[in-house]
file start-v7.txt (compact mmCIF, C-alpha atoms)
# COMPACT_ATOMS: atom_id res chain seq x y z
CA MET A 153 105.34 80.82 111.90
CA PRO A 154 104.32 80.72 108.24
CA SER A 155 107.02 80.91 105.59
CA ILE A 156 106.99 82.79 102.28
CA TRP A 157 108.56 81.43 99.09
CA LEU A 158 109.08 83.41 95.90
CA CYS A 159 110.13 82.62 92.34
CA HIS A 160 110.19 84.36 89.00
CA GLN A 161 107.86 82.84 86.46
CA VAL A 162 108.68 80.18 83.91
CA ALA A 163 109.08 81.01 80.21
CA GLU A 164 105.89 81.23 78.15
CA SER A 165 106.98 78.26 76.03
CA ALA A 166 107.14 75.86 78.98
CA PRO A 167 105.51 72.46 78.32
CA THR A 168 102.62 71.11 80.38
CA PRO A 169 104.27 68.90 83.04
CA GLY A 170 103.07 65.41 83.83
CA TRP A 171 102.96 65.99 87.58
CA LEU A 172 99.89 68.24 87.46
CA LEU A 173 96.74 66.96 89.12
CA PRO A 174 93.99 66.07 86.59
CA ALA A 175 92.01 69.20 87.51
CA GLU A 176 95.13 71.35 87.17
CA ALA A 177 95.87 69.89 83.74
CA GLU A 178 92.29 70.63 82.62
CA THR A 179 92.62 74.22 83.84
CA VAL A 180 95.96 74.91 82.17
CA ALA A 181 94.64 73.55 78.86
CA ARG A 182 92.03 76.33 78.83
CA LEU A 183 94.43 79.17 79.63
CA GLY A 184 96.25 81.46 77.27
CA SER A 185 99.41 83.43 77.95
CA PRO A 186 100.15 85.07 80.40
CA ARG A 187 97.63 83.27 82.64
CA ARG A 188 99.08 79.89 81.63
CA ARG A 189 102.55 81.07 82.61
CA GLU A 190 101.29 82.29 86.00
CA PHE A 191 99.36 79.08 86.64
CA LEU A 192 102.24 76.71 85.84
CA SER A 193 104.74 78.77 87.83
CA SER A 194 102.51 78.94 90.90
CA ARG A 195 101.75 75.19 90.86
CA TRP A 196 105.47 74.43 90.60
CA LEU A 197 106.13 76.83 93.49
CA ILE A 198 103.42 75.24 95.68
CA ARG A 199 105.20 71.89 95.50
CA GLN A 200 108.61 73.45 96.14
CA ALA A 201 107.29 75.42 99.11
CA LEU A 202 105.56 72.40 100.66
CA ALA A 203 108.72 70.33 100.21
CA LEU A 204 110.90 72.94 101.89
CA ALA A 205 108.45 73.46 104.75
CA SER A 206 107.81 69.76 105.42
CA ASP A 207 111.10 68.08 104.44
CA GLU A 208 109.32 66.02 101.76
CA ARG A 209 110.40 65.69 98.12
CA PRO A 210 108.67 68.12 95.72
CA GLU A 211 107.23 65.29 93.64
CA ALA A 212 105.55 63.92 96.79
CA CYS A 213 103.73 67.21 97.47
CA ALA A 214 100.44 68.49 96.09
CA PRO A 215 97.62 70.89 97.00
CA VAL A 216 93.99 69.90 97.36
CA THR A 217 91.97 69.83 94.15
CA GLY A 218 90.31 73.12 93.35
CA ARG A 219 91.39 76.36 94.97
CA PRO A 220 94.81 75.58 96.50
CA VAL A 221 94.28 76.77 100.07
CA GLN A 222 95.41 73.54 101.75
CA SER A 223 97.79 70.70 101.07
CA ALA A 224 96.70 67.19 100.12
CA ARG A 225 100.21 65.71 100.37
CA PRO A 226 101.53 66.06 103.03
CA PRO A 227 98.26 66.93 104.79
CA GLY A 228 97.79 69.68 107.33
CA TRP A 229 99.37 72.73 105.69
CA ARG A 230 97.62 75.98 104.82
CA LEU A 231 98.52 77.59 101.49
CA SER A 232 98.06 80.98 99.86
CA LEU A 233 99.18 82.18 96.43
CA SER A 234 99.80 85.50 94.75
CA HIS A 235 101.46 86.54 91.49
CA SER A 236 102.09 89.87 89.83
CA HIS A 237 104.24 91.13 86.97
CA GLY A 238 106.46 88.06 86.66
CA LEU A 239 106.84 87.09 90.34
CA CYS A 240 105.00 84.32 92.22
CA ALA A 241 104.60 83.98 95.98
CA CYS A 242 103.42 81.02 98.04
CA ALA A 243 102.85 81.17 101.80
CA VAL A 244 102.88 77.89 103.74
CA GLY A 245 102.06 77.34 107.39
CA ASP A 246 100.08 75.38 109.95
CA SER A 247 98.24 78.54 111.00
CA ASP A 248 94.46 78.68 111.37
CA ALA A 249 94.33 81.07 108.41
CA LEU A 250 96.74 82.41 105.82
CA GLY A 251 96.65 84.99 103.04
CA ILE A 252 99.37 86.59 100.89
CA ASP A 253 99.45 89.38 98.34
CA LEU A 254 102.25 91.07 96.40
CA GLU A 255 102.48 94.07 94.11
CA PRO A 256 105.38 95.90 92.42
CA ARG A 257 106.40 98.86 94.58
CA GLY A 258 105.72 101.34 91.79
CA ARG A 259 102.24 100.06 90.86
CA HIS A 260 99.51 102.46 91.96
CA PRO A 261 97.62 103.83 88.91
CA GLN A 262 94.59 106.03 89.75
CA TRP A 263 94.94 105.08 93.39
CA GLN A 264 92.87 108.04 94.65
CA ARG A 265 89.94 106.86 92.54
CA VAL A 266 90.16 103.37 94.06
CA VAL A 267 90.31 104.80 97.59
CA ARG A 268 87.26 107.06 97.04
CA ARG A 269 85.17 104.26 95.60
CA TRP A 270 86.07 101.24 97.72
CA PHE A 271 87.56 102.37 101.04
CA SER A 272 85.66 103.50 104.14
CA GLU A 273 85.17 107.21 104.84
CA ALA A 274 87.67 107.08 107.70
CA GLU A 275 90.27 105.41 105.47
CA GLN A 276 89.66 107.93 102.70
CA THR A 277 90.21 110.82 105.10
CA TRP A 278 93.72 109.89 106.16
CA LEU A 279 94.93 108.27 102.94
CA LEU A 280 93.91 111.19 100.74
CA ALA A 281 95.26 113.71 103.25
CA ARG A 282 98.68 112.03 103.27
CA ASP A 283 98.62 111.82 99.46
CA ASN A 284 101.21 109.03 99.44
CA PRO A 285 100.69 106.28 96.82
CA GLU A 286 102.90 103.89 98.81
CA ASP A 287 100.52 104.15 101.77
CA PHE A 288 97.72 103.13 99.42
CA LEU A 289 99.71 100.15 98.15
CA VAL A 290 100.35 98.94 101.71
CA ALA A 291 96.65 99.32 102.55
CA TRP A 292 95.60 97.54 99.37
CA THR A 293 97.85 94.52 99.90
CA LEU A 294 96.76 94.30 103.55
CA LYS A 295 93.12 94.14 102.49
CA GLU A 296 93.81 91.59 99.72
CA ALA A 297 95.80 89.34 102.07
CA TRP A 298 93.08 89.65 104.74
CA LEU A 299 90.35 88.59 102.31
CA LYS A 300 92.37 85.56 101.22
CA ALA A 301 93.03 84.59 104.85
CA THR A 302 89.33 84.86 105.75
CA GLY A 303 88.17 83.05 102.61
CA ARG A 304 86.27 85.90 101.00
CA GLY A 305 86.13 87.60 97.63
CA ILE A 306 86.73 91.30 97.08
CA ALA A 307 83.16 92.29 96.22
CA GLY A 308 81.44 93.77 99.26
CA ASN A 309 84.22 92.79 101.68
CA LEU A 310 87.06 95.32 101.35
CA GLN A 311 85.89 97.18 104.46
CA THR A 312 85.94 94.10 106.70
CA LEU A 313 89.51 95.13 107.53
CA GLU A 314 89.60 98.74 108.74
CA ILE A 315 92.98 100.47 108.35
CA GLY A 316 93.57 103.54 110.50
CA PRO A 317 96.34 106.15 110.53
CA GLY A 318 99.69 104.54 111.28
CA PHE A 319 98.26 101.31 109.85
CA ILE A 320 96.30 100.40 112.95
CA LEU A 321 94.34 97.32 111.87
CA THR A 322 90.87 96.24 113.00
CA GLY A 323 89.16 93.15 111.58
CA ASP A 324 85.56 91.91 111.70
CA THR A 325 86.31 88.85 113.78
CA ALA A 326 85.87 87.86 117.41
CA LEU A 327 89.00 85.72 117.26
CA ALA A 328 92.36 86.92 118.61
CA GLY A 329 95.78 86.02 117.24
CA TRP A 330 95.61 87.79 113.86
CA HIS A 331 98.81 89.38 112.51
CA ALA A 332 100.10 91.12 109.39
CA ALA A 333 103.65 91.47 108.07
CA CYS A 334 104.76 93.53 105.04
CA PHE A 335 108.13 93.11 103.34
CA ASP A 336 110.02 95.18 100.80
CA CYS A 337 111.49 92.35 98.72
CA GLU A 338 113.05 92.27 95.25
CA GLY A 339 111.26 95.49 94.26
CA TYR A 340 107.85 94.22 95.42
CA LEU A 341 105.69 94.79 98.47
CA VAL A 342 104.89 91.33 99.89
CA THR A 343 102.15 91.24 102.54
CA LEU A 344 101.15 88.27 104.70
CA VAL A 345 98.11 87.99 107.00
CA TYR A 346 97.84 84.96 109.28
CA ARG A 347 96.27 83.74 112.52
CA ARG A 348 98.24 81.83 115.11
CA ARG A 349 96.55 78.68 116.38
CA ASP A 350 97.33 79.60 119.99
CA GLY A 351 95.63 82.98 119.62
CA THR A 352 98.75 84.89 120.70
CA ASP A 353 98.18 88.62 120.36
CA HIS A 354 101.78 89.55 119.61
CA PRO A 355 103.90 88.26 116.71
CA SER A 356 106.91 86.16 117.70
CA GLY A 357 109.16 87.43 114.92
CA TRP A 358 109.16 87.99 111.19
CA PRO A 359 107.96 85.17 108.93
CA PRO A 360 110.92 83.91 106.87
CA ILE A 361 110.93 84.95 103.21
CA GLN A 362 113.06 83.26 100.54
CA LEU A 363 113.58 83.62 96.78
CA LEU A 364 114.06 80.35 94.86
CA GLU A 365 115.67 79.81 91.48
CA PRO A 366 113.13 80.10 88.63
CA PRO A 367 111.40 76.94 87.41
CA PRO A 368 113.48 75.04 84.84
CA GLU A 369 112.38 75.11 81.22
CA ASP A 370 110.84 71.64 81.48
CA LEU A 371 109.25 72.41 84.90
CA ALA A 372 110.97 69.41 86.49
CA LEU A 373 110.28 69.05 90.20
CA SER A 374 113.86 68.58 91.36
CA GLN A 375 114.57 70.50 94.56
CA ALA A 376 114.95 74.22 93.80
CA GLU A 377 118.01 76.08 94.99
CA ARG A 378 117.68 79.05 97.33
CA LEU A 379 118.93 82.34 95.90
CA PRO A 380 120.28 85.39 97.72
CA THR A 381 117.17 87.30 98.77
CA LEU A 382 117.15 91.08 99.15
CA TRP A 383 114.43 92.04 101.62
CA GLU A 384 113.73 94.54 104.37
CA PRO A 385 111.01 94.44 107.03
CA PHE A 386 108.47 97.15 106.18
CA LEU A 387 105.57 96.87 108.62
CA GLN A 388 104.31 94.44 111.25
CA ARG A 389 101.01 94.76 113.10
CA SER A 390 98.53 92.77 115.12
CA ILE A 391 94.92 92.91 113.92
CA THR A 392 92.49 93.89 116.67
CA PRO A 393 89.07 92.20 116.75
CA ARG A 394 86.16 94.63 116.41
CA PRO A 395 83.73 95.24 119.28
CA ALA A 396 81.05 92.59 119.56
CA ALA A 397 78.39 94.82 117.98
CA TRP A 398 80.48 95.04 114.79
CA THR A 399 81.63 91.43 114.65
CA SER A 400 80.36 89.03 111.99
CA ASP A 401 80.12 85.27 112.46
CA VAL A 402 82.74 84.61 109.81
CA ARG A 403 85.49 82.23 110.84
CA PRO A 404 88.82 81.76 109.03
CA GLY A 405 88.37 79.98 105.71
CA GLN A 406 84.55 80.23 105.78
CA PRO A 407 83.12 81.93 102.65
CA VAL A 408 80.43 84.57 103.03
CA VAL A 409 77.67 85.85 100.77
CA CYS A 410 78.95 88.85 98.79
CA LYS A 411 77.15 91.64 97.01
CA SER A 412 76.86 91.33 93.25
CA GLU A 413 79.32 93.93 92.12
CA THR A 414 82.57 94.00 90.23
CA LYS A 415 85.59 95.77 91.65
CA GLU A 416 88.22 97.52 89.59
CA ARG A 417 91.67 96.37 90.61
CA PRO A 418 94.35 99.03 90.73
call {"tool": "encode", "arguments": {"input": "start-v7.txt", "output": "structure tokens"}}
result
Amino acid sequence: MPSIWLCHQVAESAPTPGWLLPAEAETVARLGSPRRREFLSSRWLIRQALALASDERPEACAPVTGRPVQSARPPGWRLSLSHSHGLCACAVGDSDALGIDLEPRGRHPQWQRVVRRWFSEAEQTWLLARDNPEDFLVAWTLKEAWLKATGRGIAGNLQTLEIGPGFILTGDTALAGWHAACFDCEGYLVTLVYRRRDGTDHPSGWPPIQLLEPPPEDLALSQAERLPTLWEPFLQRSITPRPAAWTSDVRPGQPVVCKSETKERP
């Protein structure tokens, strides 16, 4: 079962730590605030999350160079990151695929416009009829987490996960064992999509979710303390593979060719 780790972001004045990988240090040198703050906080959280999941020390943990979707030290762990409005999330697991997304519960500006432009006709019908911005936010985070888990960008791919009334989920994959879990946590909606290696069609429980103390001012990698975490289970579903005629050849983590278009994020 994957685990989810959260932390509030470091202060904007935080120094560049020496434990960054060379590629990470090059990236952070090009960033301005608030992207620098998000980047440093998420890289600190990756190492804390790997340490807590694997029983290693944080300073002994690191992601692969480039997009941090897997661990380099210790090897064998899948990773997924998300950050929004001051909170970072990192999912860690030995699943075949993993994707996480989070949004503040009250964030849904112009949501009807986003639904009309980017969702399928069937999704538009029930979402607009219900006229509930929270339903949109759940659907949006499910699609974002799905795209991360399947290794795809947003452009041209939002409809590869079809969301029906009651949040019945259908994905463009022939593989079984896909699941989604949504949490109401610390005022955010936190959504995880993952695939079990054994292909089990039913989830075996809720993935654990834990808030950690914020990064220290100097971003030291000493083991972070766990904080009391206010969360409630919100939604849990299995993702049904589409019929063979609808199924693409995309496998977890394999990128696909996307249309050249830019999507407006809500």
call {"tool": "residues_around", "arguments": {"input": "start-v7.txt", "residues": "A:Cys334", "least_positions_apart": "2", "cutoff": "10 Å", "atoms": "only C-alpha atoms", "output": "PyMOL selection string"}}
result
chain A and resi 252-254+290+293-294+332+336-337+341-345+358-359+384-389
call {"tool": "residues_around", "arguments": {"input": "start-v7.txt", "residues": "A:Pro366", "least_positions_apart": "4", "cutoff": "7 Å", "atoms": "all atoms listed in the file", "output": "ChimeraX atom specification"}}
result
/A:159-162
call {"tool": "closest_residue", "arguments": {"input": "start-v7.txt", "among": "A:Leu310, A:Ala177, A:Pro380, A:Gly170", "to": "A:Arg269", "atoms": "all atoms listed in the file"}}
result
A:Leu310
call {"tool": "closest_residue", "arguments": {"input": "start-v7.txt", "among": "A:Ala291, A:Gln375, A:His331, A:Pro210", "to": "A:Val266", "atoms": "all atoms listed in the file"}}
result
A:Ala291
call {"tool": "atom_distance", "arguments": {"input": "start-v7.txt", "atom1": "atom CA of A:Gly351", "atom2": "atom CA of A:Gly228"}}
result
18.2 Å
